[in-house]
$ cat run-v3.txt   # compact mmCIF, C-alpha atoms (C1' of nucleotides)
# COMPACT_ATOMS: atom_id res chain seq x y z
CA MET K 1 41.11 159.43 -104.19
CA GLY K 2 42.72 162.26 -102.37
CA ILE K 3 45.08 161.56 -99.51
CA GLN K 4 44.36 158.28 -97.78
CA GLY K 5 43.95 158.67 -94.04
CA LEU K 6 44.36 162.45 -93.99
CA LEU K 7 40.88 163.38 -92.79
CA PRO K 8 40.92 160.94 -89.82
CA THR K 9 44.17 162.49 -88.56
CA LEU K 10 42.48 165.90 -88.66
CA LYS K 11 39.42 164.68 -86.75
CA SER K 12 40.09 166.95 -83.76
CA ILE K 13 39.60 170.09 -85.88
CA MET K 14 36.70 168.77 -87.95
CA HIS K 15 33.48 170.04 -86.41
CA PRO K 16 29.88 169.03 -87.09
CA ARG K 17 28.16 171.84 -88.94
CA HIS K 18 24.88 172.59 -90.66
CA ALA K 19 24.31 174.45 -93.92
CA GLN K 20 22.33 177.13 -92.09
CA GLU K 21 25.53 178.14 -90.29
CA TYR K 22 26.78 179.31 -93.69
CA ALA K 23 23.75 181.51 -94.37
CA GLY K 24 24.58 184.56 -96.45
CA LYS K 25 27.70 182.92 -97.87
CA ARG K 26 28.60 181.64 -101.30
CA ALA K 27 29.65 178.03 -101.78
CA ALA K 28 31.60 176.41 -104.60
CA ILE K 29 30.42 172.83 -105.00
CA ASP K 30 32.49 169.88 -106.15
CA THR K 31 29.68 168.64 -108.37
CA TYR K 32 31.30 165.30 -109.12
CA SER K 33 30.86 164.31 -105.47
CA TRP K 34 27.12 164.85 -105.93
CA LEU K 35 26.92 163.17 -109.32
CA HIS K 36 28.79 160.14 -108.07
CA LYS K 37 26.05 159.37 -105.54
CA ALA K 38 23.25 160.70 -107.72
CA VAL K 39 23.84 158.30 -110.62
CA LEU K 40 23.50 155.26 -108.35
CA SER K 41 19.73 155.64 -108.47
CA CYS K 42 19.63 155.30 -112.25
CA SER K 43 22.88 153.59 -113.16
CA ARG K 44 21.21 150.94 -115.30
CA ASP K 45 19.63 153.48 -117.64
CA LEU K 46 22.81 155.51 -117.88
CA CYS K 47 24.89 152.42 -118.67
CA HIS K 48 22.55 151.74 -121.56
CA GLY K 49 22.86 155.28 -122.84
CA ARG K 50 19.32 156.18 -121.83
CA HIS K 51 18.60 159.47 -120.11
CA ASN K 52 17.04 159.47 -116.64
CA ASP K 53 16.12 162.57 -114.68
CA LYS K 54 16.71 161.05 -111.25
CA TYR K 55 20.30 162.17 -110.94
CA ILE K 56 19.30 165.70 -111.93
CA ASP K 57 16.55 165.73 -109.31
CA TYR K 58 19.11 164.64 -106.71
CA CYS K 59 21.39 167.58 -107.50
CA MET K 60 18.59 170.14 -107.79
CA ARG K 61 17.15 169.11 -104.44
CA ARG K 62 20.51 169.92 -102.88
CA VAL K 63 20.68 173.22 -104.70
CA GLN K 64 17.24 174.11 -103.38
CA MET K 65 18.15 172.98 -99.88
CA LEU K 66 21.21 175.25 -99.87
CA ARG K 67 19.17 178.18 -101.19
CA TYR K 68 16.57 177.60 -98.52
CA TYR K 69 19.24 178.01 -95.86
CA GLY K 70 20.54 181.16 -97.55
CA VAL K 71 23.63 179.65 -99.15
CA GLN K 72 24.31 180.66 -102.74
CA PRO K 73 25.69 177.68 -104.68
CA VAL K 74 28.17 177.74 -107.56
CA LEU K 75 28.43 174.31 -109.15
CA VAL K 76 31.90 173.41 -110.43
CA PHE K 77 32.45 170.60 -112.94
CA ASP K 78 35.56 168.70 -113.93
CA GLY K 79 37.05 169.29 -117.34
CA GLY K 80 39.77 167.46 -119.25
CA SER K 81 41.97 164.84 -117.64
CA LEU K 82 45.69 165.17 -117.07
CA PRO K 83 48.22 162.93 -118.82
CA MET K 84 49.69 162.09 -115.40
CA LYS K 85 46.55 160.12 -114.55
CA SER K 86 46.02 158.42 -117.91
CA ASP K 87 47.21 154.95 -116.87
CA GLN K 88 44.96 155.05 -113.81
CA GLU K 89 42.02 156.01 -115.98
CA ILE K 90 42.67 153.14 -118.37
CA LYS K 91 42.43 150.79 -115.39
CA ARG K 92 39.15 152.36 -114.29
CA ALA K 93 37.71 152.18 -117.79
CA ARG K 94 38.58 148.49 -117.95
CA SER K 95 37.01 147.89 -114.53
CA ARG K 96 33.82 149.62 -115.66
CA LYS K 97 33.68 147.51 -118.78
CA GLU K 98 34.13 144.29 -116.79
CA ASN K 99 31.35 145.30 -114.41
CA LEU K 100 29.05 146.12 -117.30
CA GLU K 101 29.62 142.69 -118.83
CA ARG K 102 28.90 141.07 -115.48
CA ALA K 103 25.76 143.17 -115.09
CA LEU K 104 24.46 142.02 -118.46
CA GLU K 105 25.26 138.42 -117.61
CA TYR K 106 23.49 138.59 -114.21
CA GLU K 107 20.52 140.18 -115.89
CA ARG K 108 20.37 137.41 -118.47
CA LEU K 109 20.27 134.92 -115.60
CA GLY K 110 17.49 136.88 -113.89
CA ASN K 111 19.55 137.97 -110.88
CA HIS K 112 18.47 141.61 -110.83
CA SER K 113 19.97 142.67 -107.51
CA ALA K 114 23.41 141.38 -108.46
CA ALA K 115 23.05 143.01 -111.86
CA TYR K 116 22.16 146.33 -110.27
CA GLU K 117 25.24 146.20 -108.07
CA CYS K 118 27.41 145.74 -111.13
CA TYR K 119 25.66 148.50 -113.03
CA GLN K 120 26.51 150.87 -110.18
CA ARG K 121 30.18 150.04 -110.53
CA ALA K 122 29.96 150.39 -114.28
CA VAL K 123 28.48 153.89 -114.52
CA ASP K 124 30.69 156.34 -116.28
CA ILE K 125 29.99 159.98 -115.44
CA THR K 126 30.55 161.48 -118.84
CA PRO K 127 30.61 165.14 -119.86
CA ALA K 128 27.26 164.48 -121.56
CA ILE K 129 25.75 163.52 -118.20
CA ALA K 130 27.15 166.69 -116.66
CA PHE K 131 25.80 168.70 -119.58
CA ARG K 132 22.22 167.56 -118.90
CA LEU K 133 22.54 168.99 -115.42
CA ILE K 134 24.09 172.20 -116.72
CA GLN K 135 21.08 172.77 -118.96
CA VAL K 136 18.82 172.67 -115.92
CA LEU K 137 21.16 174.94 -113.95
CA ARG K 138 20.79 177.52 -116.73
CA GLN K 139 17.00 177.27 -116.58
CA GLU K 140 17.01 177.68 -112.81
CA ASN K 141 19.57 180.50 -112.76
CA VAL K 142 22.13 178.54 -110.79
CA GLN K 143 25.72 179.64 -111.20
CA TYR K 144 28.20 177.12 -112.51
CA VAL K 145 31.56 176.81 -114.20
CA VAL K 146 33.33 173.94 -115.95
CA ALA K 147 37.01 173.72 -114.98
CA PRO K 148 39.56 173.29 -117.76
CA TYR K 149 41.05 170.31 -115.88
CA GLU K 150 40.53 169.20 -112.28
CA ALA K 151 37.58 170.73 -110.46
CA ASP K 152 39.58 170.70 -107.22
CA ALA K 153 41.94 173.41 -108.42
CA GLN K 154 39.04 175.46 -109.82
CA LEU K 155 37.21 175.28 -106.49
CA VAL K 156 40.26 176.53 -104.63
CA PHE K 157 40.82 179.31 -107.16
CA LEU K 158 37.29 180.58 -106.57
CA ALA K 159 37.84 180.42 -102.80
CA LEU K 160 41.27 182.10 -102.79
CA ASN K 161 39.99 184.90 -105.01
CA ARG K 162 36.90 185.49 -102.86
CA HIS K 163 34.40 184.51 -105.52
CA VAL K 164 33.07 182.10 -102.92
CA ASP K 165 33.41 181.88 -99.14
CA PHE K 166 33.87 178.11 -98.86
CA VAL K 167 33.86 174.82 -100.75
CA ILE K 168 31.53 171.82 -100.44
CA THR K 169 33.25 168.52 -101.27
CA GLU K 170 34.15 165.00 -100.12
CA ASP K 171 37.72 165.19 -101.33
CA SER K 172 40.69 165.65 -98.97
CA ASP K 173 42.73 167.02 -101.89
CA LEU K 174 41.08 170.39 -101.29
CA ILE K 175 43.24 170.69 -98.18
CA VAL K 176 46.35 169.88 -100.19
CA TYR K 177 45.49 172.57 -102.73
CA GLY K 178 45.28 175.03 -99.84
CA CYS K 179 41.56 175.69 -99.54
CA PRO K 180 40.97 177.91 -96.47
CA GLN K 181 37.44 176.76 -95.62
CA ILE K 182 35.75 173.46 -96.50
CA PHE K 183 32.40 171.83 -95.75
CA PHE K 184 32.90 168.06 -95.97
CA LYS K 185 30.35 165.27 -96.39
CA MET K 186 27.23 167.41 -96.52
CA ASP K 187 24.14 165.20 -96.63
CA LYS K 188 20.71 165.96 -98.07
CA HIS K 189 19.60 167.61 -94.83
CA GLY K 190 22.56 170.00 -94.83
CA GLN K 191 24.55 168.27 -92.11
CA GLY K 192 28.29 167.76 -92.54
CA VAL K 193 31.68 168.55 -91.05
CA GLY K 194 33.41 171.89 -91.30
CA PHE K 195 37.13 172.48 -91.66
CA GLN K 196 39.17 175.65 -91.68
CA ILE K 197 42.90 175.90 -92.18
CA SER K 198 43.25 178.44 -89.37
CA ASP K 199 42.51 175.65 -86.89
CA ILE K 200 45.40 173.52 -88.12
CA THR K 201 47.75 174.52 -85.29
CA ALA K 202 45.30 173.10 -82.75
CA ASN K 203 45.24 169.61 -84.27
CA LYS K 204 45.78 166.73 -81.84
CA ASP K 205 46.62 163.45 -83.62
CA ILE K 206 49.56 164.81 -85.60
CA ASP K 207 51.24 168.06 -84.56
CA LEU K 208 51.11 170.57 -87.41
CA SER K 209 51.69 173.71 -85.33
CA ASP K 210 55.02 174.57 -86.96
CA PHE K 211 54.08 173.35 -90.43
CA THR K 212 54.04 175.77 -93.34
CA LYS K 213 51.65 175.38 -96.28
CA GLN K 214 54.54 173.94 -98.28
CA MET K 215 55.31 171.37 -95.57
CA ILE K 216 51.69 170.22 -95.46
CA LEU K 217 51.76 169.90 -99.24
CA GLU K 218 54.95 167.83 -99.16
CA MET K 219 53.67 165.67 -96.32
CA CYS K 220 50.53 164.84 -98.31
CA ILE K 221 52.39 164.05 -101.53
CA MET K 222 54.85 161.84 -99.65
CA SER K 223 51.97 159.84 -98.15
CA GLY K 224 50.70 159.10 -101.64
CA CYS K 225 48.49 161.21 -103.90
CA ASP K 226 46.87 161.06 -107.34
CA TYR K 227 50.01 162.32 -109.03
CA LEU K 228 52.56 160.16 -107.21
CA PRO K 229 52.27 156.82 -105.41
CA SER K 230 53.91 156.65 -102.00
CA LEU K 231 57.02 154.69 -101.17
CA PRO K 232 56.04 151.29 -99.74
CA GLY K 233 54.92 151.53 -96.12
CA ILE K 234 54.77 155.31 -96.06
CA GLY K 235 51.43 156.80 -95.07
CA VAL K 236 50.29 160.02 -93.43
CA LYS K 237 51.85 159.34 -90.04
CA ARG K 238 55.32 158.44 -91.29
CA SER K 239 55.46 161.21 -93.89
CA HIS K 240 54.41 163.63 -91.16
CA GLY K 241 57.27 162.41 -88.96
CA LEU K 242 59.75 162.77 -91.81
CA ILE K 243 58.70 166.29 -92.82
CA LYS K 244 58.52 167.40 -89.19
CA ARG K 245 62.12 166.29 -88.64
CA PHE K 246 63.71 167.30 -91.93
CA ARG K 247 61.46 170.20 -93.06
CA THR K 248 61.84 169.44 -96.78
CA TYR K 249 61.15 166.36 -98.89
CA GLN K 250 64.68 166.42 -100.39
CA LYS K 251 66.27 166.05 -96.96
CA ALA K 252 63.73 163.45 -95.94
CA LEU K 253 64.52 161.37 -99.03
CA LYS K 254 68.26 161.69 -98.37
CA HIS K 255 67.68 160.33 -94.88
CA LEU K 256 65.71 157.37 -96.19
CA GLU K 257 68.41 156.56 -98.74
CA ALA K 258 71.10 156.77 -96.06
CA LYS K 259 69.01 154.31 -94.04
CA GLY K 260 69.16 151.88 -96.94
CA VAL K 261 65.72 152.41 -98.46
CA LEU K 262 66.02 152.07 -102.22
CA ILE K 263 64.23 154.84 -104.05
CA ASP K 264 63.44 154.91 -107.77
CA PRO K 265 65.58 157.59 -109.46
CA GLN K 266 62.40 158.94 -111.08
CA TYR K 267 60.75 159.44 -107.71
CA GLU K 268 62.32 162.77 -106.76
CA GLN K 269 61.53 164.29 -110.15
CA GLY K 270 57.98 162.98 -109.86
CA PHE K 271 57.76 164.58 -106.44
CA HIS K 272 58.76 167.96 -107.84
CA ARG K 273 56.22 167.66 -110.64
CA ALA K 274 53.50 166.74 -108.14
CA ILE K 275 54.27 169.88 -106.13
CA LEU K 276 54.03 172.04 -109.24
CA THR K 277 50.81 170.34 -110.28
CA PHE K 278 49.15 171.21 -106.99
CA ARG K 279 50.48 174.76 -106.91
CA HIS K 280 50.11 175.85 -110.52
CA HIS K 281 47.18 173.83 -111.84
CA ARG K 282 45.41 175.43 -114.81
CA VAL K 283 42.07 177.01 -113.92
CA TYR K 284 39.53 179.34 -115.52
CA ASP K 285 39.39 182.93 -114.30
CA PRO K 286 35.76 184.04 -114.69
CA VAL K 287 36.73 187.73 -114.45
CA LYS K 288 39.59 187.75 -116.95
CA LYS K 289 37.66 185.13 -118.93
CA GLU K 290 40.79 183.16 -119.66
CA MET K 291 42.90 180.28 -118.47
CA VAL K 292 45.34 181.09 -115.67
CA HIS K 293 47.38 179.22 -113.06
CA LEU K 294 45.95 178.52 -109.61
CA THR K 295 48.90 180.49 -108.19
CA GLY K 296 51.31 182.57 -110.24
CA VAL K 297 54.30 180.80 -111.75
CA PRO K 298 57.55 182.43 -110.58
CA SER K 299 59.61 183.83 -113.45
CA GLU K 300 62.75 181.98 -112.37
CA LEU K 301 60.97 178.66 -112.83
CA ASP K 302 62.32 177.37 -116.14
CA THR K 303 60.71 173.93 -115.85
CA ASN K 304 58.56 172.73 -118.71
CA LEU K 305 54.95 172.76 -117.49
CA ASP K 306 53.50 170.47 -120.19
CA PHE K 307 52.32 168.00 -117.54
CA LEU K 308 49.72 170.57 -116.45
CA GLY K 309 47.93 169.97 -119.74
CA PRO K 310 47.95 172.31 -122.75
CA HIS K 311 47.09 175.96 -122.38
CA LEU K 312 43.93 176.70 -124.36
CA PRO K 313 43.09 179.91 -126.22
CA GLN K 314 40.63 182.29 -124.60
CA THR K 315 37.63 181.44 -126.77
CA THR K 316 38.05 177.70 -126.20
CA ALA K 317 38.59 178.08 -122.46
CA THR K 318 35.47 180.23 -122.16
CA ALA K 319 33.32 177.86 -124.23
CA ILE K 320 34.41 175.01 -121.96
CA ALA K 321 33.74 177.02 -118.81
CA ARG K 322 30.24 177.83 -120.03
CA GLY K 323 29.53 174.20 -120.76
CA GLU K 324 29.06 174.83 -124.46
CA VAL K 325 31.68 172.36 -125.65
CA ASP K 326 32.92 169.02 -124.35
CA PRO K 327 36.13 169.67 -122.35
CA THR K 328 37.71 166.44 -123.60
CA THR K 329 36.71 166.43 -127.28
CA PHE K 330 36.00 170.15 -127.84
CA GLU K 331 32.86 169.15 -129.71
CA SER K 332 29.72 171.22 -129.33
CA PHE K 333 27.07 169.98 -126.88
CA GLN K 334 24.16 171.23 -129.02
CA ASP K 335 23.88 167.90 -130.82
CA PHE K 336 22.47 165.10 -128.69
CA SER K 337 22.54 162.42 -131.37
CA SER K 338 25.79 161.03 -130.03
CA SER K 339 24.47 160.58 -126.50
CA GLY K 340 22.27 157.65 -127.35
CA ARG K 341 24.99 155.07 -127.64
CA LEU K 342 24.64 151.78 -125.92
CA VAL K 343 27.84 151.67 -123.93
CA ALA K 344 27.89 147.90 -123.86
CA ASP K 345 27.64 147.64 -127.60
CA SER K 346 30.94 147.83 -129.43
CA ASN K 347 29.07 148.51 -132.66
CA ALA K 348 27.91 151.78 -131.13
CA THR K 349 24.32 151.49 -132.26
CA VAL K 350 22.19 154.56 -131.77
CA GLN K 351 19.05 154.12 -129.70
CA ASN K 352 15.80 155.50 -130.90
CA GLY K 353 13.99 158.17 -128.98
CA VAL K 354 16.87 159.67 -127.05
CA SER K 355 18.07 162.14 -129.63
CA ASN K 356 15.14 164.48 -129.41
CA LYS K 357 14.05 167.58 -127.59
CA LYS K 358 12.88 167.32 -123.97
CA VAL K 359 15.72 167.28 -121.49
CA GLY K 360 14.32 169.74 -118.97
CA PHE K 361 14.11 169.27 -115.23
CA SER K 362 10.62 168.28 -114.24
CA ALA K 363 9.79 170.77 -111.54
CA LYS K 364 8.10 169.54 -108.38
CA LYS K 365 4.41 170.31 -108.16
CA ASN K 366 4.91 172.39 -105.01
CA LEU K 367 7.48 174.54 -106.73
CA PRO K 368 6.57 177.47 -108.92
CA ALA K 369 7.10 177.04 -112.65
CA ILE K 370 10.05 178.90 -114.01
CA ASN K 371 9.96 180.84 -117.21
CA SER K 372 12.82 179.36 -119.17
CA SER K 373 12.40 181.37 -122.36
CA ARG K 374 13.68 184.53 -120.72
CA THR K 375 16.65 182.80 -119.19
CA HIS K 376 17.56 181.48 -122.61
CA GLN K 377 17.41 185.00 -124.03
CA HIS K 378 19.60 186.09 -121.22
CA HIS K 379 22.07 183.44 -122.14
CA ARG K 380 22.00 184.39 -125.82
CA SER K 381 22.71 187.99 -125.02
CA GLY K 382 26.10 186.81 -123.79
CA SER K 383 26.37 189.31 -121.00
CA ARG K 384 27.33 186.82 -118.29
CA PRO K 385 26.36 183.30 -119.18
CA CYS K 386 28.50 180.91 -117.20
CA PHE K 387 28.98 182.95 -114.08
CA GLN K 388 25.76 184.80 -113.61
CA LEU K 389 26.17 187.09 -110.63
CA SER K 390 23.27 187.69 -108.31
CA ASP K 391 20.39 189.37 -110.06
CA LEU K 392 16.94 190.27 -108.88
CA LYS K 393 15.18 187.55 -110.78
CA ALA K 394 17.34 184.87 -109.26
CA ALA K 395 16.62 186.23 -105.82
CA LEU K 396 12.89 186.20 -106.49
CA VAL K 397 12.97 182.69 -107.89
CA SER K 398 14.98 181.36 -104.97
CA PHE K 399 12.54 183.05 -102.60
CA LEU K 400 9.61 181.32 -104.25
CA ILE K 401 11.45 178.00 -104.32
CA SER K 402 12.28 178.44 -100.66
CA TRP K 403 8.59 178.83 -99.88
CA GLY K 404 7.84 175.66 -101.76
CA LEU K 405 10.49 173.92 -99.73
CA VAL K 406 9.15 175.33 -96.48
CA CYS K 407 5.79 173.73 -97.25
CA ILE K 408 7.44 170.38 -97.97
CA LEU K 409 9.61 170.50 -94.88
CA LEU K 410 6.71 171.49 -92.64
CA ALA K 411 4.82 168.49 -93.90
CA CYS K 412 7.50 165.92 -93.16
CA ASN K 413 9.93 167.40 -90.64
CA PRO K 414 8.46 168.78 -87.43
CA GLN K 415 11.84 170.12 -86.26
CA VAL K 416 11.72 172.86 -88.86
CA GLU K 417 8.58 174.38 -87.41
CA SER K 418 10.63 176.37 -84.94
CA LEU K 419 12.37 178.14 -87.80
CA VAL K 420 9.26 179.75 -89.18
C1' DC G 1 52.98 148.84 -80.54
C1' DA G 2 51.98 151.97 -84.42
C1' DC G 3 51.15 152.01 -88.86
C1' DT G 4 49.99 150.63 -93.69
C1' DA G 5 47.63 147.99 -97.17
C1' DG G 6 43.95 145.24 -98.65
C1' DG G 7 39.37 142.89 -98.45
C1' DG G 8 34.38 143.08 -97.63
C1' DA G 9 30.14 145.58 -97.20
C1' DT G 10 28.02 149.39 -98.82
C1' DA G 11 26.06 153.45 -101.13
C1' DC G 12 20.62 155.82 -104.08
C1' DA G 13 15.51 156.24 -104.33
C1' DG G 14 10.67 155.68 -102.56
C1' DA V 1 36.56 154.25 -125.76
C1' DC V 2 33.90 160.07 -123.51
C1' DT V 3 35.78 161.84 -115.15
C1' DC V 4 37.71 160.48 -109.04
C1' DG V 5 34.52 155.94 -103.61
C1' DT V 6 34.71 155.23 -98.99
C1' DC V 7 34.39 153.33 -94.29
C1' DC V 8 35.57 149.75 -91.16
C1' DC V 9 38.05 145.93 -89.80
C1' DT V 10 42.09 143.06 -89.82
C1' DA V 11 46.34 140.68 -91.29
C1' DG V 12 50.90 141.73 -91.80
C1' DT V 13 54.87 144.69 -91.47
C1' DG V 14 58.49 147.95 -89.56
$ encode --input "run-v3.txt" --output "structure tokens"
Amino acid sequence: MGIQGLLPTLKSIMHPRHAQEYAGKRAAIDTYSWLHKAVLSCSRDLCHGRHNDKYIDYCMRRVQMLRYYGVQPVLVFDGGSLPMKSDQEIKRARSRKENLERALEYERLGNHSAAYECYQRAVDITPAIAFRLIQVLRQENVQYVVAPYEADAQLVFLALNRHVDFVITEDSDLIVYGCPQIFFKMDKHGQGVGFQISDITANKDIDLSDFTKQMILEMCIMSGCDYLPSLPGIGVKRSHGLIKRFRTYQKALKHLEAKGVLIDPQYEQGFHRAILTFRHHRVYDPVKKEMVHLTGVPSELDTNLDFLGPHLPQTTATAIARGEVDPTTFESFQDFSSSGRLVADSNATVQNGVSNKKVGFSAKKNLPAINSSRTHQHHRSGSRPCFQLSDLKAALVSFLISWGLVCILLACNPQVESLV
DNA sequence: CACTAGGGATACAG
DNA sequence: ACTCGTCCCTAGTG
């Protein structure tokens, strides 16, 4: 994922930071990076189509941790997938299926640890799994938005338009998309590494002092990205050298061809499409309440932009953003009867006992109970469902939750005492 | 020598 | 038929 080897070359401008240094700021969170780790604790249940609250607890603990340090989180979810990545996703789906079969086989033989390892590689983070979390976010008044396509672009849109101050993620693609401020690899204690684009001129390993945004974009694509594999033997260092010398990817490719490197005739067109995909990705504008491009498409650009995925009408885009309909099937999430499928079973049998009521987040005993009936009314009223801006109730709730957390932290982490 | 690509170990939770 | 791994080490290549 992302750009292989990019973050290590930027090590000199990546600084250790703590969530409390972002107090008073708003953060957009790449929720997939949380879910990916969170599902490991209950991958067996999820593979069998059974619900398990553990992954929700994982995410909510992080939400509460951020709130405790005064950071206001906005959770961003992935939406539909792009046709450009379809062949890669077929491979991944096949790999998951193979791992699931192996898990079942190990389990039959009684080797539970080996089975568990395979289950972890077999988990599929479906929109239904994300939806369970979204339901809890609504109850707890946490802001969220489901992107029409890639979450990465949505995160950067929120940052560029000042809806948030920074982005929390694990993915180096955020740099390629042009995100000004990023908090990488944040752990459960709030420790991670900070990055800001304004430091880029001071980088040591590779010299980017005279690089424009466009040159950084082209350097990253040339080193191999999700939308275009790299030429053999070309990584970050060599693509950096090429772009530094020739300034544009067209000239760099000409040079390689003159040197005798044979380049697929489709490659240059693919390169152009990759650039456009990063620059003009489709995102949801929570103010206009409609689908827009990450950055405006110039009028002189006559290229067909079908590879960005279809443009969706306003009502559909909003329903997706609010998490009311599945971004891949457009089916309503109200009905849970389809979520009880045993993934391993090709006959798609429906399990008993998973299609009913209770899906709520079991609040910790130390934390105050939250009145969910009022929040539901709020949601029904339709005033601002998916992107609830700060209101008094949320502030009060987060204050109470913070106090609960203070008690927990005081009990198990003596370092925090100095804060109070 | 610098760099890229691929394999192995590993993750979460309590 | 429903969404993305990553780090470290090393062999092999330009």
$ closest_residue --input "run-v3.txt" --among "K:Val74, K:Ile243, K:Leu231, K:Val164" --to "chain G" --atoms "all atoms listed in the file"
K:Leu231
$ closest_atom_pairs --input "run-v3.txt" --of "chain G" --to "chain K" --cutoff "6 Å" --atoms "only C-alpha atoms (C1' of nucleotides)" --output "CSV"
residue,atom,partner,partner_atom,distance
G:DT4,C1',K:Gly233,CA,5.6
G:DC12,C1',K:Ser41,CA,4.5
G:DA13,C1',K:Ser41,CA,5.9
$ interface_residues --input "run-v3.txt" --of "chain K" --to "chain V" --cutoff "9 Å" --atoms "only C-alpha atoms (C1' of nucleotides)" --output "VMD selection string"
chain K and resid 1 to 2 32 to 33 36 78 to 81 89 93 124 to 128 233 328 to 329
$ atom_distance --input "run-v3.txt" --atom1 "atom CA of K:Asp53" --atom2 "atom CA of K:Tyr68"
22.1 Å
$ atom_distance --input "run-v3.txt" --atom1 "atom CA of K:Met60" --atom2 "atom CA of K:Gln154"
21.2 Å
$ residues_around --input "run-v3.txt" --residues "K:Pro8" --least-positions-apart "2" --cutoff "12 Å" --atoms "only C-alpha atoms (C1' of nucleotides)" --output "ChimeraX atom specification"
/K:3-6,10-14,172,203-206,236-237 /V:7
$ closest_residue --input "run-v3.txt" --among "K:Gln143, K:Asn52, K:Gln72, K:Ser239" --to "K:Ala321" --atoms "all atoms listed in the file"
K:Gln143
$ residues_near_point --input "run-v3.txt" --point "(65.4, 159.9, -94.6)" --cutoff "12 Å" --atoms "all atoms listed in the file" --output "list of chain:residue names"
K:Met222, K:Leu231, K:Ile234, K:Arg238, K:Ser239, K:Gly241, K:Leu242, K:Ile243, K:Lys244, K:Arg245, K:Phe246, K:Arg247, K:Thr248, K:Tyr249, K:Gln250, K:Lys251, K:Ala252, K:Leu253, K:Lys254, K:His255, K:Leu256, K:Glu257, K:Ala258, K:Lys259, K:Gly260, K:Val261, K:Leu262, K:Ile263
$ atom_distance --input "run-v3.txt" --atom1 "atom CA of K:Cys47" --atom2 "atom CA of K:Lys97"
10.1 Å
$ decode --input "run-v3.txt" --residues "stretch 1-12 of chain V" --atoms "N, CA, C and O atoms (P, O5', C5', C4', C3', O3' and C1' of nucleotides)" --output "compact mmCIF listing (two decimals), in the first residue's frame"
# COMPACT_ATOMS: atom_id res chain seq x y z
P DA V 1 -21.97 -11.35 -6.70
O5' DA V 1 -20.82 -10.76 -5.84
C5' DA V 1 -21.05 -10.69 -4.43
C4' DA V 1 -19.75 -10.93 -3.72
C3' DA V 1 -18.49 -10.47 -4.48
O3' DA V 1 -17.60 -9.91 -3.56
C1' DA V 1 -18.29 -12.74 -3.97
P DC V 2 -16.22 -9.36 -3.98
O5' DC V 2 -15.88 -8.29 -2.87
C5' DC V 2 -16.64 -8.29 -1.66
C4' DC V 2 -17.52 -7.08 -1.62
C3' DC V 2 -17.24 -6.15 -0.44
O3' DC V 2 -17.62 -4.82 -0.78
C1' DC V 2 -19.32 -7.23 -0.15
P DT V 3 -16.59 -3.74 -0.67
O5' DT V 3 -15.44 -3.93 0.42
C5' DT V 3 -14.37 -4.84 0.29
C4' DT V 3 -13.09 -4.11 -0.08
C3' DT V 3 -11.82 -4.69 0.54
O3' DT V 3 -10.74 -4.54 -0.37
C1' DT V 3 -12.11 -2.48 1.26
P DC V 4 -9.43 -5.36 -0.17
O5' DC V 4 -8.46 -4.15 0.06
C5' DC V 4 -7.70 -4.09 1.24
C4' DC V 4 -6.40 -3.45 0.88
C3' DC V 4 -5.32 -3.63 1.95
O3' DC V 4 -4.11 -3.94 1.29
C1' DC V 4 -5.66 -1.34 1.53
P DG V 5 -3.17 -5.15 1.82
O5' DG V 5 -2.35 -4.56 3.06
C5' DG V 5 -2.94 -4.33 4.32
C4' DG V 5 -2.07 -3.44 5.16
C3' DG V 5 -0.90 -2.80 4.47
O3' DG V 5 -0.59 -1.57 5.14
C1' DG V 5 -0.14 -4.46 6.00
P DT V 6 0.71 -0.72 4.73
O5' DT V 6 1.84 -1.28 5.70
C5' DT V 6 1.60 -1.29 7.10
C4' DT V 6 2.83 -1.78 7.84
C3' DT V 6 4.16 -1.24 7.26
O3' DT V 6 4.99 -0.86 8.33
C1' DT V 6 4.23 -3.58 7.41
P DC V 7 6.22 0.17 8.10
O5' DC V 7 7.41 -0.49 8.93
C5' DC V 7 7.13 -1.09 10.20
C4' DC V 7 8.18 -2.12 10.52
C3' DC V 7 9.60 -1.75 10.05
O3' DC V 7 10.54 -1.96 11.10
C1' DC V 7 8.98 -3.88 9.20
P DC V 8 12.03 -1.42 10.95
O5' DC V 8 12.89 -2.76 10.82
C5' DC V 8 12.51 -3.91 11.58
C4' DC V 8 13.26 -5.11 11.08
C3' DC V 8 14.68 -4.80 10.56
O3' DC V 8 15.60 -5.76 11.06
C1' DC V 8 13.43 -5.91 8.89
P DC V 9 17.17 -5.51 10.95
O5' DC V 9 17.65 -6.70 10.01
C5' DC V 9 17.12 -8.02 10.22
C4' DC V 9 17.26 -8.81 8.94
C3' DC V 9 18.62 -8.65 8.25
O3' DC V 9 19.28 -9.90 8.18
C1' DC V 9 16.81 -8.44 6.71
P DT V 10 20.77 -9.99 7.54
O5' DT V 10 20.49 -10.48 6.06
C5' DT V 10 19.59 -11.58 5.84
C4' DT V 10 19.40 -11.80 4.35
C3' DT V 10 20.69 -11.70 3.53
O3' DT V 10 20.69 -12.71 2.53
C1' DT V 10 19.08 -10.22 2.68
P DA V 11 22.10 -13.30 2.01
O5' DA V 11 21.75 -13.77 0.53
C5' DA V 11 20.53 -14.49 0.29
C4' DA V 11 19.93 -14.08 -1.05
C3' DA V 11 20.94 -14.11 -2.21
O3' DA V 11 20.31 -14.68 -3.35
C1' DA V 11 19.97 -11.95 -2.02
P DG V 12 21.18 -15.01 -4.66
O5' DG V 12 20.82 -13.77 -5.60
C5' DG V 12 19.45 -13.47 -5.86
C4' DG V 12 19.36 -12.18 -6.64
C3' DG V 12 20.38 -12.04 -7.76
O3' DG V 12 19.74 -11.53 -8.92
C1' DG V 12 20.48 -10.16 -6.35
